[in-house]
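With mmCIF, C-alpha atoms inside, this is my_file_6.cif:
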data_coords
loop_
_atom_site.group_PDB
_atom_site.id
_atom_site.type_symbol
_atom_site.label_atom_id
_atom_site.label_comp_id
_atom_site.auth_asym_id
_atom_site.auth_seq_id
_atom_site.Cartn_x
_atom_site.Cartn_y
_atom_site.Cartn_z
ATOM 1 C CA MET L 502 90.319 81.014 90.890
ATOM 2 C CA SER L 503 90.676 84.202 92.834
ATOM 3 C CA ARG L 504 91.960 87.106 90.856
ATOM 4 C CA CYS L 505 95.053 89.021 91.824
ATOM 5 C CA ILE L 506 95.903 92.633 92.517
ATOM 6 C CA MET L 507 98.747 93.761 90.308
ATOM 7 C CA HIS L 508 101.235 96.411 91.326
ATOM 8 C CA PRO L 509 103.623 97.594 88.618
ATOM 9 C CA SER L 510 106.591 99.269 90.237
ATOM 10 C CA ASP L 511 109.386 101.352 88.787
ATOM 11 C CA PHE L 512 111.104 101.205 92.195
ATOM 12 C CA SER L 513 110.972 104.991 92.455
ATOM 13 C CA PRO L 514 109.708 106.892 95.497
ATOM 14 C CA ALA L 515 106.551 107.553 93.455
ATOM 15 C CA SER L 516 105.788 103.833 93.534
ATOM 16 C CA ARG L 517 106.245 103.488 97.270
ATOM 17 C CA ALA L 518 102.863 104.867 98.324
ATOM 18 C CA ALA L 519 101.143 102.745 95.686
ATOM 19 C CA PHE L 520 102.952 99.634 96.904
ATOM 20 C CA ALA L 521 101.802 100.249 100.478
ATOM 21 C CA LYS L 522 98.230 100.701 99.253
ATOM 22 C CA ALA L 523 98.416 97.560 97.105
ATOM 23 C CA VAL L 524 99.623 95.493 100.058
ATOM 24 C CA LEU L 525 96.840 96.846 102.255
ATOM 25 C CA MET L 526 94.170 96.128 99.650
ATOM 26 C CA ALA L 527 95.476 92.640 98.914
ATOM 27 C CA LYS L 528 95.432 91.901 102.625
ATOM 28 C CA GLN L 529 91.857 93.148 103.021
ATOM 29 C CA ALA L 530 90.599 91.359 99.933
ATOM 30 C CA ARG L 531 92.686 88.259 100.744
ATOM 31 C CA ALA L 532 93.924 88.467 97.183
ATOM 32 C CA GLU L 533 97.286 87.553 95.827
ATOM 33 C CA LEU L 534 99.611 90.448 95.079
ATOM 34 C CA LEU L 535 101.562 90.358 91.847
ATOM 35 C CA VAL L 536 104.485 92.771 91.777
ATOM 36 C CA VAL L 537 105.685 93.430 88.247
ATOM 37 C CA HIS L 538 108.397 95.554 86.726
ATOM 38 C CA ALA L 539 108.991 96.393 83.088
ATOM 39 C CA LEU L 540 112.700 96.563 82.521
ATOM 40 C CA SER L 541 114.189 98.591 79.728
ATOM 41 C CA ILE L 542 117.793 97.597 79.334
ATOM 42 C CA VAL L 543 120.007 100.633 78.911
ATOM 43 C CA MET L 544 123.095 100.047 76.814
ATOM 44 C CA PRO L 545 126.090 102.300 77.112
ATOM 45 C CA VAL L 546 127.409 103.234 73.683
ATOM 46 C CA PRO L 547 131.200 103.104 73.552
ATOM 47 C CA GLY L 548 133.292 105.206 71.166
ATOM 48 C CA ASP L 549 132.959 103.019 68.090
ATOM 49 C CA GLY L 550 129.362 102.069 68.819
ATOM 50 C CA TYR L 551 130.106 98.369 68.936
ATOM 51 C CA ILE L 552 129.160 96.143 71.830
ATOM 52 C CA SER L 553 130.128 92.518 71.569
ATOM 53 C CA PRO L 554 127.350 90.003 72.173
ATOM 54 C CA LYS L 555 129.137 88.765 75.252
ATOM 55 C CA VAL L 556 129.312 92.218 76.830
ATOM 56 C CA TYR L 557 125.713 92.865 75.828
ATOM 57 C CA ASP L 558 124.582 89.681 77.566
ATOM 58 C CA GLU L 559 126.545 90.594 80.661
ATOM 59 C CA ILE L 560 124.998 94.044 80.895
ATOM 60 C CA ALA L 561 121.519 92.666 80.253
ATOM 61 C CA ALA L 562 122.002 89.944 82.841
ATOM 62 C CA SER L 563 123.206 92.382 85.459
ATOM 63 C CA SER L 564 120.265 94.745 84.928
ATOM 64 C CA ARG L 565 117.896 91.785 85.156
ATOM 65 C CA ALA L 566 119.554 90.667 88.367
ATOM 66 C CA TRP L 567 119.293 94.187 89.766
ATOM 67 C CA ALA L 568 115.581 94.456 88.940
ATOM 68 C CA GLN L 569 114.870 90.970 90.276
ATOM 69 C CA LYS L 570 116.555 91.935 93.536
ATOM 70 C CA ARG L 571 114.350 95.031 93.854
ATOM 71 C CA ILE L 572 111.245 92.933 93.163
ATOM 72 C CA ASP L 573 112.320 90.369 95.751
ATOM 73 C CA ARG L 574 112.777 93.125 98.293
ATOM 74 C CA LEU L 575 109.182 94.258 97.735
ATOM 75 C CA LEU L 576 107.962 90.650 97.956
ATOM 76 C CA VAL L 577 109.674 90.225 101.314
ATOM 77 C CA LYS L 578 107.915 93.350 102.576
ATOM 78 C CA ALA L 579 104.532 92.187 101.283
ATOM 79 C CA ARG L 580 104.921 88.721 102.803
ATOM 80 C CA ALA L 581 105.949 90.269 106.110
ATOM 81 C CA ALA L 582 102.554 92.006 106.060
ATOM 82 C CA GLY L 583 100.884 88.634 105.624
ATOM 83 C CA VAL L 584 100.082 88.862 101.926
ATOM 84 C CA ARG L 585 100.599 86.142 99.347
ATOM 85 C CA ALA L 586 102.893 87.738 96.809
ATOM 86 C CA ARG L 587 104.576 86.843 93.557
ATOM 87 C CA GLY L 588 106.936 88.805 91.366
ATOM 88 C CA MET L 589 107.310 89.051 87.629
ATOM 89 C CA LEU L 590 110.008 90.718 85.592
ATOM 90 C CA MET L 591 109.192 91.793 82.053
ATOM 91 C CA GLU L 592 111.201 93.541 79.383
ATOM 92 C CA GLY L 593 109.957 96.258 77.103
ATOM 93 C CA VAL L 594 107.931 99.424 76.975
ATOM 94 C CA PRO L 595 106.368 99.824 80.438
ATOM 95 C CA HIS L 596 102.743 100.607 79.600
ATOM 96 C CA GLU L 597 102.550 97.918 76.907
ATOM 97 C CA GLN L 598 104.035 95.284 79.170
ATOM 98 C CA ILE L 599 101.828 96.268 82.108
ATOM 99 C CA ILE L 600 98.663 96.007 80.000
ATOM 100 C CA ARG L 601 99.768 92.676 78.543
ATOM 101 C CA ALA L 602 100.495 91.293 81.989
ATOM 102 C CA ALA L 603 97.183 92.586 83.362
ATOM 103 C CA LYS L 604 95.388 90.778 80.540
ATOM 104 C CA SER L 605 97.282 87.511 80.724
ATOM 105 C CA LYS L 606 97.138 87.307 84.527
ATOM 106 C CA ARG L 607 93.522 88.497 84.537
ATOM 107 C CA ALA L 608 94.268 91.096 87.209
ATOM 108 C CA ALA L 609 91.248 92.364 89.141
ATOM 109 C CA LEU L 610 92.874 95.694 89.848
ATOM 110 C CA LEU L 611 96.028 97.574 88.967
ATOM 111 C CA VAL L 612 97.526 99.758 91.679
ATOM 112 C CA LEU L 613 100.152 102.151 90.432
ATOM 113 C CA GLY L 614 101.938 105.298 91.455
ATOM 114 C CA THR L 615 101.980 108.644 89.732
ATOM 115 C CA HIS L 616 104.665 111.272 89.906
ATOM 116 C CA GLY L 617 102.096 114.040 89.743
ATOM 117 C CA ARG L 618 104.065 116.130 87.329
ATOM 118 C CA SER L 619 102.338 119.221 86.133
ATOM 119 C CA GLY L 620 102.912 122.238 83.952
ATOM 120 C CA LEU L 621 105.684 121.982 81.426
ATOM 121 C CA ALA L 622 107.051 118.657 82.618
ATOM 122 C CA LYS L 623 103.794 116.888 81.861
ATOM 123 C CA LEU L 624 103.967 117.952 78.233
ATOM 124 C CA PHE L 625 107.276 116.246 77.800
ATOM 125 C CA VAL L 626 107.220 113.390 80.225
ATOM 126 C CA GLY L 627 104.240 111.192 79.488
ATOM 127 C CA SER L 628 102.715 109.501 82.455
ATOM 128 C CA VAL L 629 102.880 105.713 82.311
ATOM 129 C CA ALA L 630 99.839 105.715 84.581
ATOM 130 C CA ALA L 631 97.815 107.771 82.107
ATOM 131 C CA ARG L 632 98.714 105.401 79.276
ATOM 132 C CA VAL L 633 97.885 102.350 81.330
ATOM 133 C CA VAL L 634 94.511 103.813 82.277
ATOM 134 C CA ALA L 635 93.700 104.471 78.623
ATOM 135 C CA ALA L 636 94.024 100.800 77.681
ATOM 136 C CA ALA L 637 93.688 98.800 80.885
ATOM 137 C CA PRO L 638 91.437 95.723 80.864
ATOM 138 C CA CYS L 639 90.585 96.253 84.539
ATOM 139 C CA PRO L 640 90.049 99.146 86.964
ATOM 140 C CA VAL L 641 93.142 101.127 87.896
ATOM 141 C CA LEU L 642 93.868 102.770 91.219
ATOM 142 C CA THR L 643 96.472 105.493 90.982
ATOM 143 C CA VAL L 644 98.232 106.704 94.079
ATOM 144 C CA ARG L 645 100.190 109.931 94.178
ATOM 145 C CA GLY L 646 103.790 109.337 95.258
ATOM 146 C CA LYS L 647 105.216 111.359 98.093
ATOM 147 C CA MET X 1409 90.582 101.884 104.690
ATOM 148 C CA TYR X 1410 88.593 104.411 102.664
ATOM 149 C CA LYS X 1411 86.032 106.609 104.366
ATOM 150 C CA ARG X 1412 84.684 108.970 101.776
ATOM 151 C CA ALA X 1413 84.787 108.761 98.004
ATOM 152 C CA VAL X 1414 84.041 111.522 95.541
ATOM 153 C CA VAL X 1415 82.265 110.256 92.426
ATOM 154 C CA PRO X 1416 82.207 112.913 89.701
ATOM 155 C CA LEU X 1417 79.385 112.524 87.167
ATOM 156 C CA ASP X 1418 79.033 114.607 84.017
ATOM 157 C CA GLY X 1419 75.626 113.347 82.977
ATOM 158 C CA SER X 1420 76.952 110.867 80.426
ATOM 159 C CA MET X 1421 76.431 107.105 80.318
ATOM 160 C CA VAL X 1422 80.181 106.727 80.399
ATOM 161 C CA ALA X 1423 80.458 108.536 83.726
ATOM 162 C CA GLU X 1424 77.519 106.610 85.170
ATOM 163 C CA GLY X 1425 79.401 103.395 84.469
ATOM 164 C CA ILE X 1426 81.022 103.863 87.859
ATOM 165 C CA ILE X 1427 77.716 103.395 89.710
ATOM 166 C CA PRO X 1428 77.712 99.562 89.708
ATOM 167 C CA PHE X 1429 81.191 99.678 91.192
ATOM 168 C CA VAL X 1430 80.066 102.119 93.847
ATOM 169 C CA LEU X 1431 77.181 99.809 94.762
ATOM 170 C CA GLU X 1432 79.454 96.805 94.921
ATOM 171 C CA ILE X 1433 82.215 98.395 96.973
ATOM 172 C CA ALA X 1434 80.880 101.372 98.905
ATOM 173 C CA GLY X 1435 77.971 99.550 100.527
ATOM 174 C CA PRO X 1436 79.854 96.646 102.104
ATOM 175 C CA LEU X 1437 82.863 98.798 103.065
ATOM 176 C CA ASP X 1438 80.670 101.559 104.488
ATOM 177 C CA ILE X 1439 82.216 104.296 102.381
ATOM 178 C CA GLU X 1440 80.342 107.570 102.231
ATOM 179 C CA VAL X 1441 79.777 108.576 98.619
ATOM 180 C CA VAL X 1442 79.829 112.188 97.493
ATOM 181 C CA LEU X 1443 78.169 112.469 94.092
ATOM 182 C CA LEU X 1444 79.628 115.506 92.387
ATOM 183 C CA ARG X 1445 78.358 117.254 89.299
ATOM 184 C CA VAL X 1446 80.437 120.106 87.965
ATOM 185 C CA VAL X 1447 78.572 122.749 86.026
ATOM 186 C CA VAL X 1448 80.922 124.238 83.467
ATOM 187 C CA PRO X 1449 80.096 127.890 82.713
ATOM 188 C CA ILE X 1450 79.112 128.558 79.109
ATOM 189 C CA PRO X 1451 80.404 131.808 77.641
ATOM 190 C CA PRO X 1452 77.660 134.101 76.263
ATOM 191 C CA LEU X 1453 76.691 133.149 72.754
ATOM 192 C CA MET X 1454 75.594 135.680 70.183
ATOM 193 C CA VAL X 1455 74.547 134.882 66.660
ATOM 194 C CA GLU X 1456 76.026 137.290 64.141
ATOM 195 C CA GLY X 1457 73.512 139.932 63.088
ATOM 196 C CA SER X 1458 70.928 138.973 65.677
ATOM 197 C CA ARG X 1459 70.132 140.945 68.791
ATOM 198 C CA HIS X 1460 69.448 137.817 70.729
ATOM 199 C CA VAL X 1461 72.199 136.924 73.164
ATOM 200 C CA GLU X 1462 72.196 133.554 74.835
ATOM 201 C CA THR X 1463 73.650 133.749 78.287
ATOM 202 C CA ASP X 1464 74.330 131.162 80.912
ATOM 203 C CA ASP X 1465 71.836 130.859 83.748
ATOM 204 C CA PRO X 1466 73.907 129.610 86.706
ATOM 205 C CA GLU X 1467 70.943 129.093 89.012
ATOM 206 C CA LEU X 1468 68.960 127.082 86.476
ATOM 207 C CA ARG X 1469 71.910 124.893 85.605
ATOM 208 C CA ARG X 1470 72.654 124.294 89.267
ATOM 209 C CA LEU X 1471 69.064 123.139 89.744
ATOM 210 C CA GLU X 1472 69.295 120.891 86.707
ATOM 211 C CA ALA X 1473 72.476 119.364 88.055
ATOM 212 C CA GLU X 1474 70.856 118.735 91.424
ATOM 213 C CA GLU X 1475 67.815 117.177 89.761
ATOM 214 C CA TYR X 1476 70.126 114.921 87.813
ATOM 215 C CA LEU X 1477 71.948 113.745 90.944
ATOM 216 C CA LEU X 1478 68.866 113.166 93.116
ATOM 217 C CA PRO X 1479 67.547 109.935 91.544
ATOM 218 C CA ILE X 1480 71.038 108.447 91.455
ATOM 219 C CA ALA X 1481 71.529 109.326 95.115
ATOM 220 C CA ALA X 1482 68.119 107.827 95.937
ATOM 221 C CA GLU X 1483 69.012 104.598 94.164
ATOM 222 C CA LEU X 1484 72.264 104.295 96.106
ATOM 223 C CA ARG X 1485 70.538 105.148 99.379
ATOM 224 C CA ALA X 1486 67.956 102.455 98.745
ATOM 225 C CA ARG X 1487 70.819 99.961 98.616
ATOM 226 C CA GLY X 1488 72.172 101.163 101.934
ATOM 227 C CA VAL X 1489 74.962 103.470 100.807
ATOM 228 C CA ARG X 1490 75.503 106.772 102.616
ATOM 229 C CA VAL X 1491 75.287 109.460 99.943
ATOM 230 C CA ARG X 1492 75.743 113.191 99.684
ATOM 231 C CA THR X 1493 75.357 115.277 96.569
ATOM 232 C CA MET X 1494 77.422 118.269 95.595
ATOM 233 C CA VAL X 1495 77.167 120.683 92.716
ATOM 234 C CA ARG X 1496 80.058 122.949 91.900
ATOM 235 C CA ARG X 1497 80.566 125.518 89.187
ATOM 236 C CA GLY X 1498 83.784 125.952 87.291
ATOM 237 C CA GLU X 1499 86.338 124.028 85.301
ATOM 238 C CA SER X 1500 85.843 120.231 85.620
ATOM 239 C CA THR X 1501 89.256 119.096 86.798
ATOM 240 C CA GLU X 1502 89.765 121.963 89.237
ATOM 241 C CA GLU X 1503 86.340 121.538 90.788
ATOM 242 C CA ILE X 1504 86.671 117.763 91.121
ATOM 243 C CA LEU X 1505 89.944 118.242 92.964
ATOM 244 C CA ALA X 1506 88.558 121.088 95.080
ATOM 245 C CA GLY X 1507 85.424 119.069 95.852
ATOM 246 C CA ALA X 1508 87.543 116.146 97.000
ATOM 247 C CA ARG X 1509 89.638 118.416 99.209
ATOM 248 C CA GLU X 1510 86.708 120.231 100.766
ATOM 249 C CA SER X 1511 84.667 117.138 101.495
ATOM 250 C CA GLY X 1512 87.704 115.460 103.039
ATOM 251 C CA ALA X 1513 87.479 112.525 100.616
ATOM 252 C CA ASP X 1514 90.247 109.952 100.570
ATOM 253 C CA LEU X 1515 89.345 108.525 97.171
ATOM 254 C CA ILE X 1516 88.127 109.734 93.795
ATOM 255 C CA ALA X 1517 86.321 107.125 91.705
ATOM 256 C CA MET X 1518 85.513 107.784 88.076
ATOM 257 C CA THR X 1519 85.408 106.300 84.618
ATOM 258 C CA THR X 1520 87.333 107.310 81.557
ATOM 259 C CA HIS X 1521 86.561 107.097 77.856
ATOM 260 C CA GLY X 1522 90.020 105.698 77.272
ATOM 261 C CA ARG X 1523 90.549 107.683 74.137
ATOM 262 C CA SER X 1524 93.920 107.589 72.527
ATOM 263 C CA GLY X 1525 95.658 109.241 69.636
ATOM 264 C CA LEU X 1526 93.647 111.898 67.839
ATOM 265 C CA GLY X 1527 90.572 111.585 70.038
ATOM 266 C CA ARG X 1528 92.652 112.299 73.096
ATOM 267 C CA LEU X 1529 94.275 115.327 71.510
ATOM 268 C CA LEU X 1530 90.886 116.726 70.537
ATOM 269 C CA PHE X 1531 88.925 116.061 73.681
ATOM 270 C CA GLY X 1532 91.597 115.750 76.305
ATOM 271 C CA SER X 1533 90.865 113.714 79.335
ATOM 272 C CA VAL X 1534 89.479 114.981 82.607
ATOM 273 C CA ALA X 1535 90.358 111.653 84.170
ATOM 274 C CA GLU X 1536 93.963 111.979 83.119
ATOM 275 C CA ALA X 1537 94.215 115.512 84.490
ATOM 276 C CA VAL X 1538 92.644 114.379 87.760
ATOM 277 C CA LEU X 1539 94.969 111.435 88.131
ATOM 278 C CA ARG X 1540 97.986 113.628 87.528
ATOM 279 C CA GLN X 1541 97.013 116.248 90.066
ATOM 280 C CA ALA X 1542 95.024 114.495 92.771
ATOM 281 C CA GLU X 1543 96.562 114.201 96.209
ATOM 282 C CA VAL X 1544 94.295 111.252 97.075
ATOM 283 C CA PRO X 1545 94.188 107.880 95.293
ATOM 284 C CA VAL X 1546 92.150 107.816 92.098
ATOM 285 C CA PHE X 1547 90.149 104.757 91.072
ATOM 286 C CA LEU X 1548 89.686 104.700 87.326
ATOM 287 C CA MET X 1549 87.599 102.380 85.194
ATOM 288 C CA ARG X 1550 87.825 102.462 81.461
ATOM 289 C CA GLN X 1551 84.489 102.394 79.696
ATOM 290 C CA THR X 1552 84.555 101.236 76.125
ATOM 291 C CA GLN X 1553 81.903 102.262 73.628
ATOM 292 C CA ALA X 1554 80.708 98.655 73.536
ATOM 293 C CA GLN X 1555 80.152 98.544 77.302
ATOM 294 C CA VAL X 1556 78.231 101.807 77.215
ATOM 295 C CA ALA X 1557 76.055 100.577 74.346
ATOM 296 C CA ALA X 1558 75.422 97.277 76.107
ATOM 297 C CA ARG X 1559 74.295 99.035 79.260
ATOM 298 C CA ALA X 1560 72.097 101.460 77.346
ATOM 299 C CA ALA X 1561 70.387 98.501 75.677
ATOM 300 C CA TRP X 1562 69.976 96.760 79.007
ATOM 301 C CA GLU X 1563 68.387 99.832 80.587
ATOM 302 C CA ALA X 1564 66.072 100.166 77.608
ATOM 303 C CA ILE X 1565 64.646 96.652 77.868
ATOM 304 C CA ARG X 1566 64.481 96.668 81.662
#

Let me see whether you can do it: turn the structure in this file into C-alpha cells.
Amino acid sequence: MSRCIMHPSDFSPASRAAFAKAVLMAKQARAELLVVHALSIVMPVPGDGYISPKVYDEIAASSRAWAQKRIDRLLVKARAAGVRARGMLMEGVPHEQIIRAAKSKRAALLVLGTHGRSGLAKLFVGSVAARVVAAAPCPVLTVRGK
Amino acid sequence: MYKRAVVPLDGSMVAEGIIPFVLEIAGPLDIEVVLLRVVVPIPPLMVEGSRHVETDDPELRRLEAEEYLLPIAAELRARGVRVRTMVRRGESTEEILAGARESGADLIAMTTHGRSGLGRLLFGSVAEAVLRQAEVPVFLMRQTQAQVAARAAWEAIR
C-alpha cells in the first residue's frame, strides 16, 4: 500500500502555496493526495439564545456543503495536474482532527500552510501548523502563504 | 523541485535525527545540503567574589562547531550527497533564517523535540519560530525521546 501525502487546507490564501506544493510533490512521488479540512461549525446566537434543532441542522448542513464544495474545487485542480486525489471533511478542532487523520490514514507527509504571523499577533493567534508539528506522527512540510 | 536545503544542527541527537532523511531524500533528488551550526554567544560569567571571569571565545567555538560538522559532512559525501558546511554566530532562529537566505536555499529541514505545555513554555521552540518566519518551505520531523534513545542505543552497539 503506498502511503499518501496529506494536505490540510483552511481554504485561505495561506493554504494556496502549500496546496500547490502538495500537488507537485504528490505528482513527483506518484503518491495519492488527500485533501482534508477541519470544519468548525459557527452558530449565530439569536436574541434569546435558542436555536431549534431543525435550524441548527440546516446551518450545519449548509456549512458542510460549503466546505465540501471548496474541497471538491481543490480536488478538481489536483486531478487536472494528473494527481490521484481524495477529499475528506472532518469536524472539530483543526490540529486535533489533522493529527487524527494523519494517524488513521497513515500519511507519509503533511503539507500545510502557515500565515507567518509575527510579533504581537503570534502571541494571541496560535499557529495550527505549530501545534500539528508538535504532535504529528509523520514529517511535516510547512509552506509560507503569500 | 528543491535545489538546496539548509539543515541546522545544534549538536544534539535530536537534531541529528534529520540525517537519515537527508540521506534518503537529498541523494536521489540531487539536493545540495548546507549543514549549518549556529554558535550562540555566551554572556561573560563571573562567580561572585572570585576574580576569575569566564568569557566566550568566539574563535574556539567556531572551530569546535566546524569540527563537529566535518564528520557528518564526510559521511553524507561518502553517500554521494553534495554538502557544504556553514557556521554562524548569533541567535539560533535569526541565523538559521539568515543562513537560508544567504545560501539561496529553497528548503529548511530540521527536527523538533515536539514539546508541549510546560516544556514548551520553558524551552520554547526554535523549530516553531523558524516555521513561523521562514520564507521558504520548512520540513519538520518530530523526534520523540523514545526515538532518540533507540538511535543512541543502536549507535552504541554498532

Please report as CSV every residue of chain X lying within 6 Å of chain L, along with the nearest atom pair and their distance in Å (one decimal), using only C-alpha atoms.
residue,atom,partner,partner_atom,distance
X:Gly1522,CA,L:Ala635,CA,4.1
X:Glu1536,CA,L:Ala631,CA,5.8
X:Arg1540,CA,L:Gly617,CA,4.7
X:Gln1541,CA,L:Gly617,CA,5.6
X:Glu1543,CA,L:Arg645,CA,6.0
X:Pro1545,CA,L:Val644,CA,4.4
X:Val1546,CA,L:Thr643,CA,5.0
X:Phe1547,CA,L:Leu642,CA,4.2
X:Leu1548,CA,L:Val641,CA,5.0
X:Met1549,CA,L:Pro640,CA,4.4

Can I get the selected residues back with C-alpha atoms, as a CSV table (one decimal), in the frame of the given file?
chain,number,residue,atom,x,y,z
X,1522,GLY,CA,90.0,105.7,77.3
X,1536,GLU,CA,94.0,112.0,83.1
X,1540,ARG,CA,98.0,113.6,87.5
X,1541,GLN,CA,97.0,116.2,90.1
X,1543,GLU,CA,96.6,114.2,96.2
X,1545,PRO,CA,94.2,107.9,95.3
X,1546,VAL,CA,92.2,107.8,92.1
X,1547,PHE,CA,90.1,104.8,91.1
X,1548,LEU,CA,89.7,104.7,87.3
X,1549,MET,CA,87.6,102.4,85.2

message: I need every residue sitting at most 12 Å from the point (110.6, 94.2, 96.7) (coordinates as in the file, only C-alpha atoms considered), written as a VMD selection string.
response: chain L and resid 508 to 513 516 to 517 520 to 521 524 534 to 538 567 to 581 586 to 590

- request: Pick out the residues sitting within 10 Å of range 1497-1508 of chain X, and hand them over as a PyMOL selection string; count only C-alpha atoms, and ignore anything fewer than 5 positions along from it in its own chain.
  value: chain X and resi 1412-1418+1442-1450+1466+1469-1470+1513-1516+1533-1539+1541-1544

task: Enter the distance from CA of Ala566 in chain L to CA of Lys606 in chain L, in Å, rounded to one decimal.
output: 23.0 Å

Contact residues around Pro1451 in chain X with all atoms listed in the file at 9 Å, ignoring same-chain residues under 6 positions, as a PyMOL selection string: chain X and resi 1462-1464

task: In Å, rounded to a single decimal, give me how far CA of Ser541 in chain L is from CA of Lys555 in chain L.
output: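 Distance between the two atoms: 18.4 Å.
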
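In terms of minimum interatomic distance to Glu1440 in chain X, X:Val1491 ranks closest within X:His1460, X:Ser1420, X:Gly1425, X:Val1491, counting all atoms listed in the file.
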
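Here CA of Ala582 in chain L is placed at a distance of 25.9 Å from CA of Arg565 in chain L.
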